[in-house]
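Quick look at run_36.cif (mmCIF, C-alpha atoms):
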```cif
data_my_file
loop_
_atom_site.label_atom_id
_atom_site.label_comp_id
_atom_site.auth_asym_id
_atom_site.auth_seq_id
_atom_site.Cartn_x
_atom_site.Cartn_y
_atom_site.Cartn_z
CA MET A 1493 0.00 0.00 0.00
CA ASN A 1494 1.20 3.46 -0.84
CA VAL A 1495 0.97 5.17 2.58
CA PRO A 1496 -0.08 8.79 2.17
CA LYS A 1497 1.85 11.53 3.92
CA VAL A 1498 0.37 13.75 6.62
CA LYS A 1499 0.16 17.36 5.49
CA TYR A 1500 0.95 20.00 8.10
CA PHE A 1501 0.55 23.77 8.18
CA ALA A 1502 4.14 24.34 7.08
CA ASP A 1503 3.65 22.07 4.05
CA VAL A 1504 0.84 24.17 2.59
CA VAL A 1505 1.59 27.05 0.26
CA VAL A 1506 -1.12 29.64 -0.27
CA GLY A 1507 -1.90 29.70 -3.98
CA GLU A 1508 -0.85 26.10 -4.55
CA MET A 1509 -3.06 24.09 -6.86
CA LEU A 1510 -4.78 20.93 -5.75
CA PRO A 1511 -4.22 17.99 -8.09
CA THR A 1512 -6.54 18.18 -11.09
CA THR A 1513 -8.61 15.04 -11.58
CA GLU A 1514 -10.47 13.92 -14.69
CA ILE A 1515 -13.42 11.63 -14.08
CA VAL A 1516 -15.56 9.92 -16.70
CA VAL A 1517 -18.88 9.15 -15.08
CA THR A 1518 -20.47 5.96 -16.32
CA LEU A 1519 -23.79 4.27 -15.74
CA THR A 1520 -21.90 1.77 -13.62
CA SER A 1521 -20.50 4.52 -11.38
CA PHE A 1522 -24.00 6.03 -10.99
CA ILE A 1523 -25.45 2.65 -10.04
CA VAL A 1524 -22.70 1.83 -7.55
CA TYR A 1525 -23.03 5.28 -5.93
CA ALA A 1526 -26.84 4.94 -5.86
CA ALA A 1527 -26.54 1.61 -4.08
CA ALA A 1528 -23.87 2.91 -1.67
CA THR A 1529 -26.18 5.79 -0.63
CA TRP A 1530 -29.46 3.84 -0.72
CA ASP A 1531 -30.74 6.20 -3.40
CA PHE A 1532 -32.41 3.99 -5.97
CA HIS A 1533 -34.27 6.75 -7.84
CA ARG A 1534 -34.69 6.01 -11.54
CA TYR A 1535 -33.16 9.43 -12.34
CA HIS A 1536 -29.75 7.87 -12.02
CA TYR A 1537 -30.01 4.77 -14.22
CA ASP A 1538 -33.31 4.49 -16.16
CA ASP A 1539 -32.78 5.98 -19.62
CA ALA A 1540 -36.41 5.57 -20.78
CA PHE A 1541 -37.75 7.15 -17.54
CA VAL A 1542 -35.58 10.28 -17.73
CA LYS A 1543 -36.35 10.75 -21.44
CA ARG A 1544 -40.08 10.65 -20.59
CA ILE A 1545 -39.55 13.60 -18.21
CA GLY A 1546 -37.62 15.55 -20.84
CA LEU A 1547 -34.02 14.93 -19.88
CA PRO A 1548 -31.43 13.55 -22.29
CA ALA A 1549 -29.92 10.81 -20.11
CA PRO A 1550 -29.58 9.51 -16.53
CA PHE A 1551 -27.85 12.12 -14.39
CA MET A 1552 -25.52 12.29 -11.44
CA ASP A 1553 -26.86 12.67 -7.92
CA GLY A 1554 -25.99 16.26 -6.95
CA GLN A 1555 -24.48 15.11 -3.68
CA MET A 1556 -22.11 12.79 -5.56
CA ILE A 1557 -20.38 15.96 -6.75
CA GLY A 1558 -19.90 16.96 -3.10
CA ALA A 1559 -18.58 13.49 -2.35
CA LEU A 1560 -16.04 13.80 -5.19
CA LEU A 1561 -14.95 17.24 -3.97
CA ALA A 1562 -14.51 15.84 -0.46
CA ARG A 1563 -12.49 12.94 -1.90
CA GLU A 1564 -10.10 15.38 -3.56
CA LEU A 1565 -9.72 17.40 -0.35
CA MET A 1566 -9.22 14.40 1.94
CA ASN A 1567 -6.63 12.86 -0.36
CA TRP A 1568 -4.79 16.15 -0.82
CA GLY A 1569 -4.72 16.75 2.95
CA GLY A 1570 -3.33 13.32 3.82
CA PRO A 1571 -4.51 10.82 6.43
CA ASP A 1572 -4.83 13.28 9.35
CA ALA A 1573 -6.94 15.71 7.32
CA PHE A 1574 -10.63 16.24 7.87
CA VAL A 1575 -12.95 18.40 5.79
CA ARG A 1576 -14.73 20.82 8.12
CA ARG A 1577 -16.79 22.79 5.63
CA LEU A 1578 -17.85 22.32 2.03
CA ARG A 1579 -20.27 24.65 0.29
CA TYR A 1580 -21.16 24.39 -3.39
CA ARG A 1581 -23.91 25.09 -5.86
CA GLN A 1582 -24.48 22.92 -8.88
CA ARG A 1583 -24.93 25.04 -12.02
CA ALA A 1584 -25.25 22.30 -14.65
CA MET A 1585 -26.31 18.67 -14.75
CA VAL A 1586 -23.81 15.87 -15.20
CA TYR A 1587 -25.09 13.10 -17.44
CA VAL A 1588 -23.98 9.54 -17.93
CA ASP A 1589 -20.72 9.30 -19.93
CA ASP A 1590 -19.82 12.96 -19.30
CA MET A 1591 -16.27 13.76 -18.35
CA ILE A 1592 -15.79 16.18 -15.49
CA VAL A 1593 -12.58 17.84 -14.37
CA VAL A 1594 -12.18 18.68 -10.68
CA SER A 1595 -9.63 21.35 -9.82
CA GLY A 1596 -8.87 23.67 -6.95
CA LYS A 1597 -6.42 25.86 -5.14
CA VAL A 1598 -5.47 26.87 -1.62
CA THR A 1599 -6.60 30.40 -0.86
CA GLY A 1600 -5.57 30.68 2.77
CA VAL A 1601 -4.32 28.95 5.89
CA THR A 1602 -5.16 29.70 9.49
CA ALA A 1603 -3.88 28.52 12.87
CA GLU A 1604 -5.93 28.85 16.01
CA ASP A 1605 -6.09 27.01 19.35
CA GLY A 1606 -3.61 24.37 18.20
CA ARG A 1607 -5.57 23.54 15.04
CA THR A 1608 -4.65 24.51 11.52
CA HIS A 1609 -6.89 24.81 8.50
CA ALA A 1610 -6.51 25.35 4.78
CA GLN A 1611 -9.18 27.23 2.86
CA CYS A 1612 -9.68 26.07 -0.71
CA LEU A 1613 -11.76 26.94 -3.76
CA LEU A 1614 -12.73 24.13 -6.12
CA SER A 1615 -14.40 23.94 -9.50
CA VAL A 1616 -15.94 21.20 -11.58
CA MET A 1617 -15.98 21.69 -15.33
CA LYS A 1618 -16.80 19.70 -18.45
CA PRO A 1619 -14.22 19.73 -21.29
CA ASN A 1620 -16.61 21.85 -23.42
CA GLY A 1621 -16.29 24.64 -20.84
CA THR A 1622 -19.58 24.03 -19.00
CA LEU A 1623 -19.09 24.96 -15.37
CA VAL A 1624 -20.80 22.41 -13.15
CA VAL A 1625 -19.52 23.97 -9.91
CA ARG A 1626 -17.75 27.29 -9.61
CA ASP A 1627 -15.78 28.21 -6.52
CA ALA A 1628 -16.95 25.60 -4.07
CA LEU A 1629 -15.72 26.80 -0.71
CA ALA A 1630 -13.92 24.32 1.52
CA THR A 1631 -12.10 24.29 4.83
CA VAL A 1632 -9.77 21.38 5.56
CA GLU A 1633 -8.29 20.72 8.97
CA LEU A 1634 -4.63 19.76 8.59
CA GLY A 1635 -2.39 17.37 10.56
CA ARG A 1636 -2.06 18.08 14.27
CA LYS A 1637 0.57 15.66 15.65
CA GLY A 1638 3.39 18.11 16.28
CA GLY A 1639 2.48 19.83 13.07
CA VAL A 1640 1.57 23.23 14.45
CA GLY A 1641 4.73 25.25 14.58
CA VAL A 1642 5.22 28.19 16.93
CA THR A 1643 5.54 30.47 13.93
CA ALA A 1644 2.19 29.38 12.48
CA SER A 1645 -0.02 32.29 11.54
CA ALA A 1646 -2.71 33.13 9.04
CA ARG A 1647 -1.87 33.62 5.35
CA SER A 1648 -4.30 34.19 2.54
CA CYS A 1649 -4.82 35.14 -1.10
CA ARG A 1650 -7.60 35.03 -3.72
CA MET B 1183 -47.97 37.57 -11.29
CA LYS B 1184 -49.68 35.50 -8.61
CA SER B 1185 -47.29 34.11 -6.04
CA ARG B 1186 -47.11 30.33 -5.76
CA ILE B 1187 -46.33 30.66 -2.05
CA THR B 1188 -49.60 29.98 -0.30
CA ASP B 1189 -50.38 30.13 3.42
CA ASP B 1190 -50.36 26.34 3.35
CA LEU B 1191 -46.83 26.29 1.90
CA ASN B 1192 -45.65 28.93 4.37
CA SER B 1193 -46.92 26.79 7.24
CA TRP B 1194 -44.20 24.25 6.38
CA ILE B 1195 -41.45 26.59 7.58
CA ARG B 1196 -39.98 25.30 10.87
CA ARG B 1197 -41.53 21.85 10.45
CA GLU B 1198 -39.27 19.02 11.55
CA VAL B 1199 -39.01 15.32 10.95
CA THR B 1200 -36.67 12.88 12.71
CA TYR B 1201 -35.25 9.58 11.45
CA THR B 1202 -33.17 7.23 13.58
CA ALA B 1203 -31.16 4.51 11.88
CA PRO B 1204 -32.33 1.03 12.82
CA ASP B 1205 -28.70 -0.10 13.05
CA LYS B 1206 -25.10 1.08 13.21
CA LEU B 1207 -23.52 2.62 10.12
CA GLY B 1208 -21.04 -0.26 9.83
CA ARG B 1209 -17.64 -0.67 8.24
CA ALA B 1210 -19.09 -2.26 5.11
CA ALA B 1211 -21.19 0.86 4.34
CA ILE B 1212 -18.06 3.01 4.66
CA ARG B 1213 -16.00 0.72 2.45
CA TYR B 1214 -18.79 0.55 -0.12
CA PHE B 1215 -19.13 4.35 -0.28
CA ALA B 1216 -15.36 4.68 -0.79
CA LEU B 1217 -15.52 2.01 -3.49
CA ALA B 1218 -18.31 3.90 -5.27
CA LEU B 1219 -16.03 6.95 -5.42
CA ASP B 1220 -12.98 4.93 -6.46
CA ASP B 1221 -11.38 6.25 -3.28
CA ASP B 1222 -8.62 4.10 -1.80
CA ASN B 1223 -7.85 6.38 1.16
CA PRO B 1224 -6.84 3.87 3.87
CA VAL B 1225 -8.53 5.83 6.69
CA TYR B 1226 -11.81 4.43 5.36
CA ARG B 1227 -10.82 0.77 5.19
CA ASP B 1228 -7.60 -0.13 7.03
CA GLU B 1229 -8.18 -0.24 10.79
CA GLU B 1230 -4.49 -0.60 11.67
CA PHE B 1231 -3.50 2.33 9.49
CA ALA B 1232 -6.44 4.46 10.62
CA LYS B 1233 -5.45 3.89 14.27
CA SER B 1234 -2.07 5.47 13.52
CA THR B 1235 -3.71 8.69 12.37
CA VAL B 1236 -5.24 11.54 14.33
CA HIS B 1237 -8.62 9.86 13.78
CA GLU B 1238 -7.56 6.83 15.89
CA GLY B 1239 -9.70 4.44 13.84
CA ILE B 1240 -11.72 4.04 10.68
CA ILE B 1241 -13.87 7.02 9.78
CA ALA B 1242 -16.49 7.55 7.09
CA PRO B 1243 -15.84 9.80 4.09
CA PRO B 1244 -17.18 13.22 5.18
CA THR B 1245 -20.30 13.48 3.04
CA LEU B 1246 -21.50 9.91 3.55
CA VAL B 1247 -23.62 10.85 6.57
CA CYS B 1248 -25.35 13.60 4.59
CA ASP B 1249 -26.13 11.53 1.52
CA THR B 1250 -27.00 8.04 2.68
CA ASN B 1251 -30.63 7.02 3.06
CA GLN B 1252 -29.57 4.10 5.23
CA PHE B 1253 -31.26 5.73 8.24
CA ILE B 1254 -34.69 5.71 6.68
CA ASN B 1255 -36.64 2.59 7.50
CA GLN B 1256 -39.35 2.63 4.84
CA LYS B 1257 -40.15 1.15 1.43
CA LEU B 1258 -39.13 2.47 -1.97
CA ASP B 1259 -41.64 4.74 -3.70
CA GLU B 1260 -42.88 4.10 -7.25
CA ASN B 1261 -39.71 5.66 -8.72
CA GLY B 1262 -37.33 3.76 -6.49
CA TYR B 1263 -36.76 6.63 -4.03
CA ILE B 1264 -36.39 5.90 -0.33
CA GLY B 1265 -34.93 9.14 1.04
CA HIS B 1266 -36.37 12.05 2.97
CA ASP B 1267 -39.05 13.94 1.04
CA TRP B 1268 -41.11 16.79 2.50
CA LYS B 1269 -43.93 16.09 0.02
CA LEU B 1270 -44.63 19.81 -0.19
CA PRO B 1271 -47.86 21.01 -1.85
CA LEU B 1272 -45.87 21.77 -5.05
CA SER B 1273 -46.55 18.69 -7.11
CA ASP B 1274 -46.48 20.45 -10.50
CA GLY B 1275 -43.18 21.55 -11.98
CA ARG B 1276 -39.64 20.29 -11.87
CA PHE B 1277 -37.41 19.86 -8.88
CA ILE B 1278 -33.84 21.20 -9.18
CA ARG B 1279 -31.09 20.74 -6.60
CA GLY B 1280 -29.77 24.17 -5.65
CA GLY B 1281 -26.71 23.32 -3.61
CA ASN B 1282 -25.37 22.10 -0.31
CA ASP B 1283 -23.51 23.66 2.56
CA TYR B 1284 -21.98 20.98 4.74
CA GLU B 1285 -20.38 21.46 8.15
CA PHE B 1286 -18.58 18.42 9.51
CA ILE B 1287 -18.31 18.69 13.28
CA GLN B 1288 -16.66 15.33 13.92
CA PRO B 1289 -15.94 12.22 11.86
CA VAL B 1290 -18.63 9.55 11.67
CA ARG B 1291 -17.48 6.10 12.75
CA PRO B 1292 -18.59 2.54 11.97
CA ASP B 1293 -20.28 2.06 15.38
CA ASP B 1294 -22.31 5.26 15.12
CA ARG B 1295 -26.07 4.86 15.07
CA VAL B 1296 -27.24 8.05 13.44
CA THR B 1297 -30.29 10.19 14.07
CA VAL B 1298 -31.07 12.96 11.60
CA ILE B 1299 -33.44 15.84 12.24
CA TRP B 1300 -34.64 17.62 9.10
CA LYS B 1301 -36.15 21.10 9.37
CA ILE B 1302 -37.40 23.59 6.78
CA VAL B 1303 -35.75 26.92 7.58
CA ASP B 1304 -37.04 29.08 4.73
CA ILE B 1305 -39.28 29.14 1.66
CA TYR B 1306 -39.08 32.03 -0.77
CA GLU B 1307 -39.80 32.89 -4.41
CA ARG B 1308 -37.63 34.51 -7.08
CA GLU B 1309 -38.78 35.61 -10.51
CA THR B 1310 -36.49 34.53 -13.37
CA ARG B 1311 -36.68 35.52 -17.02
CA LYS B 1312 -36.00 32.01 -18.31
CA LEU B 1313 -38.04 29.80 -15.98
CA GLY B 1314 -40.58 32.18 -14.40
CA GLY B 1315 -41.23 32.14 -10.66
CA LEU B 1316 -39.00 29.69 -8.84
CA ILE B 1317 -39.66 28.55 -5.30
CA PHE B 1318 -36.61 27.98 -3.13
CA VAL B 1319 -36.92 25.64 -0.16
CA VAL B 1320 -34.04 25.76 2.32
CA SER B 1321 -33.78 22.76 4.64
CA GLU B 1322 -31.33 21.95 7.39
CA ALA B 1323 -30.43 18.45 8.50
CA ARG B 1324 -28.59 17.86 11.76
CA TYR B 1325 -26.97 14.48 12.29
CA PHE B 1326 -26.29 13.02 15.74
CA ASN B 1327 -24.71 9.82 17.00
CA GLN B 1328 -26.08 7.52 19.72
CA ARG B 1329 -24.50 9.76 22.39
CA ASN B 1330 -26.44 12.73 21.01
CA GLU B 1331 -23.19 14.33 19.79
CA LEU B 1332 -23.58 16.53 16.73
CA LEU B 1333 -21.78 14.99 13.74
CA ALA B 1334 -22.67 17.23 10.82
CA ILE B 1335 -25.03 19.88 9.51
CA ASN B 1336 -26.29 19.88 5.94
CA ARG B 1337 -28.03 23.00 4.64
CA GLU B 1338 -29.67 22.20 1.37
CA THR B 1339 -31.52 24.38 -1.11
CA ASN B 1340 -34.01 22.83 -3.48
CA ILE B 1341 -35.71 24.73 -6.27
CA TYR B 1342 -39.15 24.06 -7.68
CA SER B 1343 -39.95 25.46 -11.13
CA PRO B 1344 -43.54 26.24 -12.27
#
```
Output the file's structure as structure tokens, nothing else.
Amino acid sequence: MNVPKVKYFADVVVGEMLPTTEIVVTLTSFIVYAAATWDFHRYHYDDAFVKRIGLPAPFMDGQMIGALLARELMNWGGPDAFVRRLRYRQRAMVYVDDMIVVSGKVTGVTAEDGRTHAQCLLSVMKPNGTLVVRDALATVELGRKGGVGVTASARSCR
Amino acid sequence: MKSRITDDLNSWIRREVTYTAPDKLGRAAIRYFALALDDDNPVYRDEEFAKSTVHEGIIAPPTLVCDTNQFINQKLDENGYIGHDWKLPLSDGRFIRGGNDYEFIQPVRPDDRVTVIWKIVDIYERETRKLGGLIFVVSEARYFNQRNELLAINRETNIYSP
């Protein structure tokens, strides 16, 4: 197993980009996510049903987008990280076989009461330029085990 | 234009509904959620590794608690849906998900038996050029474990078109 590295306050550079991830969403991924969340609505897998209600194809559960954003944040922050806040608005539907690109950057870091946090902005876009999510706002708590240096202080940018 | 917000609809503001999971969340549910997201973060599946982290054991991916319908002990409806539904008096028109604002107070763990309290905090209308009058319903869900400790808050906006 490739053991991930804990990320501490000193490791985070304001303005740094989060890894960009390309995801092709398939009917299989919709069905597995639907089952994992006990959401068996036909929206997410029944092509004939969604066409009857005027949509072109089965579409992604809106909260799956939040789950993918959280995945990116948790993996970026390493095993001691924990997402504290995630706020986003979905501006466009994601349909089966769409590709989406998740990207983000660190806009600030704060240290308070022995805990350190990174603030991030994330976006989800289709290759044709359609913005699915613009500027999702996230706060990630960073590693704590000896990771908070005495010189830790707030830094930020937009 | 006549508002679609009736006294009946307004009376839904501040209504609450509570669901308590019939059983613990369980490690399998956590592993399955991670699998569905193609997420191999070991804090969700490897107890020994997770114990070495600040979490001191396996935790659930943050949004799992806000998205699973595992807590709801009822049958599927005619379209396969099992989750929370206010069944507001707005049956005509299309439902659009407006967005989520999650606060994660503490990680959810396999032994947690979750209670969620849903509440409608606001209902308002906005006129749009493209779709006409849209009704926005803002709900808040608060998730607790079996010790009544707050785990997460999910503020969700849903939009109903004419």
Taking a cut-off of 10 Å and counting all atoms listed in the file, can you build a table that, for each residue of chain A near chain B, reports the nearest atom pair and how far apart they are in Å (one decimal), sorted by chain then residue number, as a tab-separated table?
```
residue	atom	partner	partner_atom	distance
A:Met1493	CA	B:Pro1224	CA	8.8
A:Asn1494	CA	B:Pro1224	CA	9.3
A:Val1495	CA	B:Pro1224	CA	8.0
A:Pro1496	CA	B:Asn1223	CA	8.2
A:Val1498	CA	B:Thr1235	CA	8.7
A:Thr1520	CA	B:Ala1218	CA	9.3
A:Ser1521	CA	B:Ala1218	CA	6.5
A:Phe1522	CA	B:Ala1218	CA	8.3
A:Ile1523	CA	B:Ala1218	CA	8.7
A:Val1524	CA	B:Ala1218	CA	5.4
A:Tyr1525	CA	B:Ala1218	CA	5.0
A:Ala1526	CA	B:Ala1218	CA	8.6
A:Ala1527	CA	B:Ala1218	CA	8.6
A:Ala1528	CA	B:Phe1215	CA	5.1
A:Thr1529	CA	B:Thr1250	CA	4.1
A:Trp1530	CA	B:Asn1251	CA	5.1
A:Asp1531	CA	B:Tyr1263	CA	6.1
A:Phe1532	CA	B:Gly1262	CA	5.0
A:His1533	CA	B:Gly1262	CA	4.5
A:Arg1534	CA	B:Asn1261	CA	5.8
A:Tyr1535	CA	B:Asn1261	CA	8.4
A:Asp1538	CA	B:Asn1261	CA	9.9
A:Phe1541	CA	B:Asn1261	CA	9.2
A:Ile1545	CA	B:Arg1276	CA	9.2
A:Asp1553	CA	B:Arg1279	CA	9.2
A:Gly1554	CA	B:Arg1279	CA	6.8
A:Gln1555	CA	B:Asp1249	CA	6.5
A:Met1556	CA	B:Asp1249	CA	8.2
A:Gly1558	CA	B:Thr1245	CA	7.1
A:Ala1559	CA	B:Thr1245	CA	5.7
A:Leu1560	CA	B:Leu1219	CA	6.9
A:Leu1561	CA	B:Thr1245	CA	9.6
A:Ala1562	CA	B:Pro1244	CA	6.8
A:Arg1563	CA	B:Asp1221	CA	6.9
A:Glu1564	CA	B:Asp1221	CA	9.2
A:Met1566	CA	B:Asn1223	CA	8.2
A:Asn1567	CA	B:Asn1223	CA	6.8
A:Gly1570	CA	B:Asn1223	CA	8.7
A:Pro1571	CA	B:Thr1235	CA	6.4
A:Asp1572	CA	B:Val1236	CA	5.3
A:Ala1573	CA	B:Val1236	CA	8.3
A:Phe1574	CA	B:Pro1244	CA	7.7
A:Val1575	CA	B:Pro1244	CA	6.7
A:Arg1576	CA	B:Phe1286	CA	4.7
A:Arg1577	CA	B:Glu1285	CA	4.6
A:Leu1578	CA	B:Tyr1284	CA	5.1
A:Arg1579	CA	B:Asp1283	CA	4.1
A:Tyr1580	CA	B:Gly1281	CA	5.7
A:Arg1581	CA	B:Gly1281	CA	4.0
A:Gln1582	CA	B:Gly1281	CA	5.7
A:Arg1583	CA	B:Gly1280	CA	8.0
A:Met1585	CA	B:Arg1279	CA	9.7
A:Val1625	CA	B:Gly1281	CA	9.6
A:Ala1628	CA	B:Asp1283	CA	9.5
A:Leu1629	CA	B:Asp1283	CA	9.0
A:Ala1630	CA	B:Tyr1284	CA	9.3
A:Thr1631	CA	B:Glu1285	CA	9.4
A:Gly1635	CA	B:Val1236	CA	7.5
A:Arg1636	CA	B:Val1236	CA	7.3
A:Lys1637	CA	B:Val1236	CA	7.2
```
Residues picked by the PyMOL selection byres ((chain B and resi 1329) around 10) here, as a list in words?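 Applying the PyMOL selection byres ((chain B and resi 1329) around 10) to the structure shown produces Asp1294, Arg1295, Val1296, Phe1326, Asn1327, Gln1328, Asn1330, Glu1331 and Leu1332 of chain B.
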Set the distance at 12 Å and use all atoms listed in the file: which residues neighbour A:Pro1511 once local chain neighbours fewer than 3 positions away are removed? I'd like the list as a PyMOL selection string. chain A and resi 1508+1514+1561+1563-1569+1593-1598+1614-1615
Run the PyMOL selection byres ((chain A and resi 1507) around 10) against the file shown and list the residues it catches, as a PyMOL selection string. chain A and resi 1504-1506+1508-1510+1596-1600+1612+1648-1650
For the atom pair atom CA of A:Asp1590 and atom CA of A:Val1517, what is the interatomic distance in Å to one decimal place?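 Separation between atom CA of A:Asp1590 and atom CA of A:Val1517: 5.8 Å.
Going from atom CA of B:Ile1302 to atom CA of A:Asp1627 covers 25.8 Å.
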Shell around A:Met1591 at 12 Å using all atoms listed in the file, local window under 3 positions removed, as an MDAnalysis selection string: chainID A and resid 1513:1518 1552 1585:1588 1594 1616:1624
Selection under test: the PyMOL selection byres ((chain B and resi 1321) around 10); residues as a VMD selection string: chain B and resid 1195 to 1198 1268 1282 1300 to 1305 1318 to 1320 1322 to 1323 1336 to 1340
I'd like the contact shell of B:Asp1293 - 7 Å cut-off, only C-alpha atoms, skipping same-chain residues fewer than 3 positions apart - returned as a list in words. Lys1206, Leu1207 and Gly1208 of chain B
Quick one, how far is atom CA of A:Ala1610 from atom CA of A:Glu1633? 6.5 Å
So, counting all atoms listed in the file, which residue among B:Lys1184, B:Pro1204, B:Arg1291, B:Gln1256 is closest to B:Arg1227? B:Arg1291
Counting only C-alpha atoms, closest pick from B:Val1290, B:Leu1270, B:Ala1242, B:Ile1299 relative to B:Tyr1201 is B:Ile1299
Can you rebuild stretch 1211-1232 of chain B with N, CA and C atoms and give it as a compact mmCIF listing (two decimals), keeping the file's coordinate frame?
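And here's result-v2.txt as it stands now:
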```txt
# COMPACT_ATOMS: atom_id res chain seq x y z
N ALA B 1211 -20.58 -0.30 5.01
CA ALA B 1211 -21.19 0.86 4.34
C ALA B 1211 -20.13 1.90 3.99
N ILE B 1212 -19.15 2.05 4.89
CA ILE B 1212 -18.06 3.01 4.66
C ILE B 1212 -17.18 2.55 3.49
N ARG B 1213 -16.86 1.27 3.50
CA ARG B 1213 -16.00 0.72 2.45
C ARG B 1213 -16.72 0.79 1.10
N TYR B 1214 -18.01 0.54 1.11
CA TYR B 1214 -18.79 0.55 -0.12
C TYR B 1214 -18.86 1.97 -0.70
N PHE B 1215 -19.07 2.95 0.18
CA PHE B 1215 -19.13 4.35 -0.28
C PHE B 1215 -17.80 4.76 -0.90
N ALA B 1216 -16.70 4.37 -0.24
CA ALA B 1216 -15.36 4.68 -0.79
C ALA B 1216 -15.16 3.98 -2.14
N LEU B 1217 -15.63 2.76 -2.23
CA LEU B 1217 -15.52 2.01 -3.49
C LEU B 1217 -16.29 2.73 -4.60
N ALA B 1218 -17.47 3.22 -4.28
CA ALA B 1218 -18.31 3.90 -5.27
C ALA B 1218 -17.64 5.16 -5.80
N LEU B 1219 -16.74 5.74 -5.01
CA LEU B 1219 -16.03 6.95 -5.42
C LEU B 1219 -14.62 6.64 -5.90
N ASP B 1220 -14.31 5.35 -6.05
CA ASP B 1220 -12.98 4.93 -6.46
C ASP B 1220 -11.92 5.59 -5.55
N ASP B 1221 -12.21 5.55 -4.26
CA ASP B 1221 -11.38 6.25 -3.28
C ASP B 1221 -10.66 5.20 -2.42
N ASP B 1222 -9.34 5.12 -2.57
CA ASP B 1222 -8.62 4.10 -1.80
C ASP B 1222 -7.90 4.68 -0.58
N ASN B 1223 -8.41 5.80 -0.06
CA ASN B 1223 -7.85 6.38 1.16
C ASN B 1223 -7.95 5.35 2.29
N PRO B 1224 -6.80 4.96 2.87
CA PRO B 1224 -6.84 3.87 3.87
C PRO B 1224 -7.55 4.23 5.17
N VAL B 1225 -7.81 5.50 5.44
CA VAL B 1225 -8.53 5.83 6.69
C VAL B 1225 -9.97 5.34 6.65
N TYR B 1226 -10.44 4.93 5.47
CA TYR B 1226 -11.81 4.43 5.36
C TYR B 1226 -11.88 2.91 5.42
N ARG B 1227 -10.73 2.22 5.34
CA ARG B 1227 -10.82 0.77 5.19
C ARG B 1227 -9.79 -0.03 5.98
N ASP B 1228 -8.69 0.60 6.40
CA ASP B 1228 -7.60 -0.13 7.03
C ASP B 1228 -7.52 0.27 8.51
N GLU B 1229 -8.05 -0.59 9.37
CA GLU B 1229 -8.18 -0.24 10.79
C GLU B 1229 -6.81 0.05 11.41
N GLU B 1230 -5.83 -0.77 11.08
CA GLU B 1230 -4.49 -0.60 11.67
C GLU B 1230 -3.89 0.75 11.26
N PHE B 1231 -4.01 1.05 9.97
CA PHE B 1231 -3.50 2.33 9.49
C PHE B 1231 -4.29 3.49 10.11
N ALA B 1232 -5.59 3.38 10.12
CA ALA B 1232 -6.44 4.46 10.62
C ALA B 1232 -6.14 4.75 12.10
```
